[in-house]
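Structure first, then comments.
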Amino acid sequence: MMETIFERPKALADVPFHYCPGCTHGIVHRLIAEVIDELGIEGDTIGVAPVGCAVFAYNYFNCDMQEAAHGRAPAVATGIKRANPENIIFTYQGDGDLAAIGTAETVHAATRSENITIIFLNNAIYGMTGGQMAPTSLVGQVTQTTPYGRKVEMQGYPIRMSEMLATLEGSSFIKRCSVDSIKNINDTRASIKKAFQCQIDKKGFSMVEVLSTCPTNWGLSPAESMDWLRDNMMPYYPLGVYKDVTGGDR
């Protein structure tokens with residue numbers, strides 16, 4: 001009889017993902033589920049799904065999930081947490097949802113030090129709606145709404161959300177990670193666990209930003225997308241801890 005050494009996390013539903021081939025949403029979903037399993041909090045966790053590529057996130061986790069209007073996930077999470085302060089509340093948001101229409105909700109949740117956790121996927125483009133420029137799109141990046149590349153004089157600079165939120169007194173743990181390699185995947189998993197632990201310990205607002213790929217809207221293969229992320233996104237969005245008031249291992 002063979003020993004099972006790798007299996008689906010119990011907190012991850014046994015259903016196919018709807019994401020495009022090569023998309024890294026599935027990796028991050030698994031990491032969240034693994035952390036929920038390890039911490040033993042499945043029955044106490046409530047996730048908030050956004051509008052965007054992850055709009056069906058409620059199908060993929062075996063914990064309670066709540067859908068939120070576009071950009072409003074931090075506000076919805078705030079209400080759920082205040083009504084159920086002992087539950088673990090997380091939002092799962094893309095850059096269009098969090099850094100465009102949801103900028104105000106994100107900033108004010110952080111400055112109030114709401115004891116919630118945000119998992120923020122940054123792929124530098126609007127995925128679900130066809131590849132328009134996002135607030136995180138890079139200077140020179142070609143998108144459906146910047147066919148000649150993003151120009152500073154027209155569209156301004158990309159927003160570095162982790163750096164901005166780290167300046168707010170209410171934020172407790174802010175870190176930028178990636179899922180482009182085994183090393184970085186393992187680091188992302190550890191960072192998500194630390195963010196959840198921050199909430200369990202009632203330390204306040206935490207966010208893990210994950211640099212991710214969008215092969216479909218970038219017009220690249222999955223392998224080429226990983227290279228593009230490393231060569232273009234990482235120099236502008238450096239990985240690392242931007243704020244940590246919790247102490248302990250990072």
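Convention: chains lettered A, B, ... in structure tokens order; per-chain residue numbering from 1; ligands numbered from 1 as shown.
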Please report as JSON lines every residue of stretch 29-131 of chain A lying within 8 Å of stretch 140-155 of chain A, along with the nearest atom pair and their distance in Å (one decimal), using only C-alpha atoms.
```
{"residue": "A:Ile125", "atom": "CA", "partner": "A:Thr143", "partner_atom": "CA", "distance": 7.5}
{"residue": "A:Gly130", "atom": "CA", "partner": "A:Gln144", "partner_atom": "CA", "distance": 7.4}
{"residue": "A:Gly131", "atom": "CA", "partner": "A:Gln144", "partner_atom": "CA", "distance": 5.6}
```
Please report as a Markdown table every residue of stretch 98-131 of chain A lying within 6 Å of stretch 170-191 of chain A, along with the nearest atom pair and their distance in Å (one decimal), using only C-alpha atoms.
```
| residue | atom | partner | partner_atom | distance |
| --- | --- | --- | --- | --- |
| A:Ala110 | CA | A:Ser171 | CA | 5.2 |
| A:Thr111 | CA | A:Gly170 | CA | 4.4 |
| A:Arg112 | CA | A:Gly170 | CA | 5.6 |
| A:Ser113 | CA | A:Gly170 | CA | 4.1 |
```
Practice item. For A:Ser206, work out the shell of residues within 12 Å, counting only C-alpha atoms and skipping chain neighbours fewer than 2 positions away, then give it as number ranges by chain. Key: A: 74, 88-91, 106-107, 109-120, 162, 165-166, 168-176, 191-204, 208-209, 241-246
Writer output for current selection, C-alpha atoms, as a PDB file, in the first residue's frame:
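Saved to part33.pdb:
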```pdb
ATOM      1  CA  PRO A  74     -12.757  45.438   2.533  1.00  0.00           C
ATOM      2  CA  ILE A  88     -11.134  34.936  10.652  1.00  0.00           C
ATOM      3  CA  ILE A  89     -12.064  37.168   7.708  1.00  0.00           C
ATOM      4  CA  PHE A  90     -10.109  37.439   4.466  1.00  0.00           C
ATOM      5  CA  THR A  91     -10.699  39.134   1.144  1.00  0.00           C
ATOM      6  CA  THR A 106      -8.716  49.456   1.090  1.00  0.00           C
ATOM      7  CA  VAL A 107      -7.013  52.585   2.415  1.00  0.00           C
ATOM      8  CA  ALA A 109      -9.778  49.681   6.262  1.00  0.00           C
ATOM      9  CA  ALA A 110      -6.018  49.871   6.756  1.00  0.00           C
ATOM     10  CA  THR A 111      -6.001  53.252   8.476  1.00  0.00           C
ATOM     11  CA  ARG A 112      -8.731  52.060  10.872  1.00  0.00           C
ATOM     12  CA  SER A 113      -6.611  48.950  11.519  1.00  0.00           C
ATOM     13  CA  GLU A 114      -9.552  46.686  10.799  1.00  0.00           C
ATOM     14  CA  ASN A 115      -8.546  43.211  11.982  1.00  0.00           C
ATOM     15  CA  ILE A 116      -8.951  41.588   8.565  1.00  0.00           C
ATOM     16  CA  THR A 117      -6.583  40.029   6.040  1.00  0.00           C
ATOM     17  CA  ILE A 118      -6.396  40.946   2.347  1.00  0.00           C
ATOM     18  CA  ILE A 119      -4.878  38.645  -0.260  1.00  0.00           C
ATOM     19  CA  PHE A 120      -4.110  40.946  -3.188  1.00  0.00           C
ATOM     20  CA  SER A 162       2.154  47.751  -0.466  1.00  0.00           C
ATOM     21  CA  LEU A 165      -0.408  51.032   2.815  1.00  0.00           C
ATOM     22  CA  ALA A 166       2.780  50.520   4.820  1.00  0.00           C
ATOM     23  CA  LEU A 168      -0.480  54.051   7.412  1.00  0.00           C
ATOM     24  CA  GLU A 169      -0.308  53.695  11.170  1.00  0.00           C
ATOM     25  CA  GLY A 170      -3.187  51.222  11.205  1.00  0.00           C
ATOM     26  CA  SER A 171      -1.503  48.581   9.047  1.00  0.00           C
ATOM     27  CA  SER A 172       0.280  45.786  10.919  1.00  0.00           C
ATOM     28  CA  PHE A 173       1.701  43.387   8.332  1.00  0.00           C
ATOM     29  CA  ILE A 174       2.275  44.261   4.673  1.00  0.00           C
ATOM     30  CA  LYS A 175       4.353  42.052   2.393  1.00  0.00           C
ATOM     31  CA  ARG A 176       4.814  41.583  -1.353  1.00  0.00           C
ATOM     32  CA  SER A 191       3.452  35.075   4.399  1.00  0.00           C
ATOM     33  CA  ILE A 192      -0.241  34.197   4.115  1.00  0.00           C
ATOM     34  CA  LYS A 193       0.054  32.150   7.303  1.00  0.00           C
ATOM     35  CA  LYS A 194       1.716  35.079   9.091  1.00  0.00           C
ATOM     36  CA  ALA A 195      -1.035  37.448   7.917  1.00  0.00           C
ATOM     37  CA  PHE A 196      -3.732  35.089   9.211  1.00  0.00           C
ATOM     38  CA  GLN A 197      -1.851  34.700  12.490  1.00  0.00           C
ATOM     39  CA  CYS A 198      -1.654  38.480  12.745  1.00  0.00           C
ATOM     40  CA  GLN A 199      -5.439  38.546  12.630  1.00  0.00           C
ATOM     41  CA  ILE A 200      -5.793  35.667  15.094  1.00  0.00           C
ATOM     42  CA  ASP A 201      -3.553  37.593  17.498  1.00  0.00           C
ATOM     43  CA  LYS A 202      -5.715  40.715  17.010  1.00  0.00           C
ATOM     44  CA  LYS A 203      -2.829  42.791  15.646  1.00  0.00           C
ATOM     45  CA  GLY A 204      -4.923  44.631  13.053  1.00  0.00           C
ATOM     46  CA  VAL A 208      -0.172  39.997   1.317  1.00  0.00           C
ATOM     47  CA  GLU A 209       0.373  41.248  -2.220  1.00  0.00           C
ATOM     48  CA  VAL A 241       8.256  42.993   3.925  1.00  0.00           C
ATOM     49  CA  TYR A 242       7.048  46.599   3.897  1.00  0.00           C
ATOM     50  CA  LYS A 243       5.682  46.676   7.411  1.00  0.00           C
ATOM     51  CA  ASP A 244       5.651  44.209  10.288  1.00  0.00           C
ATOM     52  CA  VAL A 245       4.748  45.260  13.807  1.00  0.00           C
ATOM     53  CA  THR A 246       4.055  41.694  14.905  1.00  0.00           C
TER      54      THR A 246
END
```
For the structure I just gave you, how does DSSP split stretch 89-213 of chain A - specifically, which residues are alpha helix (DSSP H)? Reply as a PDB file with C-alpha atoms, in the first residue's frame.
```
ATOM      1  CA  ASP A  95      -5.588  44.925  -8.788  1.00  0.00           C
ATOM      2  CA  GLY A  96      -8.612  46.372 -10.583  1.00  0.00           C
ATOM      3  CA  THR A 103      -8.934  52.138  -3.374  1.00  0.00           C
ATOM      4  CA  ALA A 104     -10.890  54.079  -0.756  1.00  0.00           C
ATOM      5  CA  GLU A 105     -12.216  50.947   0.961  1.00  0.00           C
ATOM      6  CA  THR A 106      -8.716  49.456   1.090  1.00  0.00           C
ATOM      7  CA  VAL A 107      -7.013  52.585   2.415  1.00  0.00           C
ATOM      8  CA  HIS A 108      -9.616  53.298   5.073  1.00  0.00           C
ATOM      9  CA  ALA A 109      -9.778  49.681   6.262  1.00  0.00           C
ATOM     10  CA  ALA A 110      -6.018  49.871   6.756  1.00  0.00           C
ATOM     11  CA  THR A 111      -6.001  53.252   8.476  1.00  0.00           C
ATOM     12  CA  VAL A 152       3.165  58.837 -17.708  1.00  0.00           C
ATOM     13  CA  GLU A 153       1.945  62.112 -19.204  1.00  0.00           C
ATOM     14  CA  MET A 154      -1.421  60.535 -20.019  1.00  0.00           C
ATOM     15  CA  GLN A 155      -2.075  57.819 -17.447  1.00  0.00           C
ATOM     16  CA  MET A 161      -0.088  49.499  -2.999  1.00  0.00           C
ATOM     17  CA  SER A 162       2.154  47.751  -0.466  1.00  0.00           C
ATOM     18  CA  GLU A 163       4.430  50.759  -0.134  1.00  0.00           C
ATOM     19  CA  MET A 164       1.461  53.097   0.229  1.00  0.00           C
ATOM     20  CA  LEU A 165      -0.408  51.032   2.815  1.00  0.00           C
ATOM     21  CA  ALA A 166       2.780  50.520   4.820  1.00  0.00           C
ATOM     22  CA  ILE A 182       9.116  27.094  -5.789  1.00  0.00           C
ATOM     23  CA  LYS A 183      11.115  29.296  -3.403  1.00  0.00           C
ATOM     24  CA  ASN A 184       8.739  32.209  -3.834  1.00  0.00           C
ATOM     25  CA  ILE A 185       5.656  29.983  -3.632  1.00  0.00           C
ATOM     26  CA  ASN A 186       6.869  28.665  -0.287  1.00  0.00           C
ATOM     27  CA  ASP A 187       7.555  32.224   0.871  1.00  0.00           C
ATOM     28  CA  THR A 188       4.071  33.297  -0.195  1.00  0.00           C
ATOM     29  CA  ARG A 189       2.530  30.443   1.764  1.00  0.00           C
ATOM     30  CA  ALA A 190       4.483  31.451   4.886  1.00  0.00           C
ATOM     31  CA  SER A 191       3.452  35.075   4.399  1.00  0.00           C
ATOM     32  CA  ILE A 192      -0.241  34.197   4.115  1.00  0.00           C
ATOM     33  CA  LYS A 193       0.054  32.150   7.303  1.00  0.00           C
ATOM     34  CA  LYS A 194       1.716  35.079   9.091  1.00  0.00           C
ATOM     35  CA  ALA A 195      -1.035  37.448   7.917  1.00  0.00           C
ATOM     36  CA  PHE A 196      -3.732  35.089   9.211  1.00  0.00           C
ATOM     37  CA  GLN A 197      -1.851  34.700  12.490  1.00  0.00           C
ATOM     38  CA  CYS A 198      -1.654  38.480  12.745  1.00  0.00           C
ATOM     39  CA  GLN A 199      -5.439  38.546  12.630  1.00  0.00           C
ATOM     40  CA  ILE A 200      -5.793  35.667  15.094  1.00  0.00           C
TER      41      ILE A 200
END
```
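Rounded to one decimal, atom CA of A:His29 and atom CA of A:Ala73 lie 17.0 Å from each other.
Among A:Phe61, A:Trp228, A:Phe205, A:Phe17, the residue with the shortest atom-to-atom distance to A:Glu34, counting only C-alpha atoms, is A:Phe61.
Minimum atom-to-atom distance to A:Thr136, evaluated using only C-alpha atoms, belongs to A:Met233 out of A:Cys214, A:Tyr92, A:Met233, A:Ala11.
Using only C-alpha atoms, the smallest distance between any of A:Gly156, A:Pro215, A:Gly26, A:Pro9 and A:Asn62 comes from A:Pro9.
The residue that comes closest to A:Ala57, out of A:Ile80, A:Ala13, A:Glu38, A:Glu86 and on the basis of only C-alpha atoms, is A:Ala13.
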Practice item. Pick out the residues sitting within 12 Å of stretch 222-227 of chain A, and hand them over as a list of chain:residue names; count only C-alpha atoms, and ignore anything fewer than 3 positions along from it in its own chain. Key: A:Cys20, A:Pro21, A:Gly22, A:Cys23, A:Thr24, A:Asn123, A:Ala124, A:Ser178, A:Val179, A:Asp180, A:Ser181, A:Leu211, A:Ser212, A:Thr213, A:Cys214, A:Pro215, A:Thr216, A:Asn217, A:Trp218, A:Gly219, A:Arg230, A:Asp231, A:Asn232, A:Met233, A:Met234
Where in stretch 77-108 of chain A does DSSP assign strand (DSSP E or B), given as a short mmCIF file (atom, residue, chain, number, x, y, z; two decimals) with N, CA and C atoms, in the first residue's frame?
```cif
data_model
loop_
_atom_site.label_atom_id
_atom_site.label_comp_id
_atom_site.auth_asym_id
_atom_site.auth_seq_id
_atom_site.Cartn_x
_atom_site.Cartn_y
_atom_site.Cartn_z
N ILE A 88 -12.26 34.51 11.47
CA ILE A 88 -11.13 34.94 10.65
C ILE A 88 -11.68 35.35 9.29
N ILE A 89 -11.48 36.61 8.93
CA ILE A 89 -12.06 37.17 7.71
C ILE A 89 -10.95 37.54 6.73
N PHE A 90 -11.07 37.04 5.48
CA PHE A 90 -10.11 37.44 4.47
C PHE A 90 -10.83 37.85 3.19
N THR A 91 -10.23 38.79 2.49
CA THR A 91 -10.70 39.13 1.14
C THR A 91 -9.67 38.64 0.14
N TYR A 92 -10.16 38.36 -1.07
CA TYR A 92 -9.29 37.87 -2.14
C TYR A 92 -9.55 38.77 -3.34
N GLN A 93 -8.59 39.66 -3.68
CA GLN A 93 -8.88 40.73 -4.64
C GLN A 93 -7.77 40.90 -5.67
N GLY A 94 -8.19 41.28 -6.87
CA GLY A 94 -7.24 41.63 -7.91
C GLY A 94 -6.93 43.11 -7.90
#
```
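Atom CA of A:Gly43 is found 11.4 Å from atom CA of A:Lys10.
We find atom CA of A:Met1 and atom CA of A:Leu31 to be spaced 28.2 Å apart.
Of the listed residues A:Asn87, A:Ser137, A:Asn59, A:Thr129, the one whose atoms come nearest to A:Tyr157 is A:Ser137, with distances taken using only C-alpha atoms.
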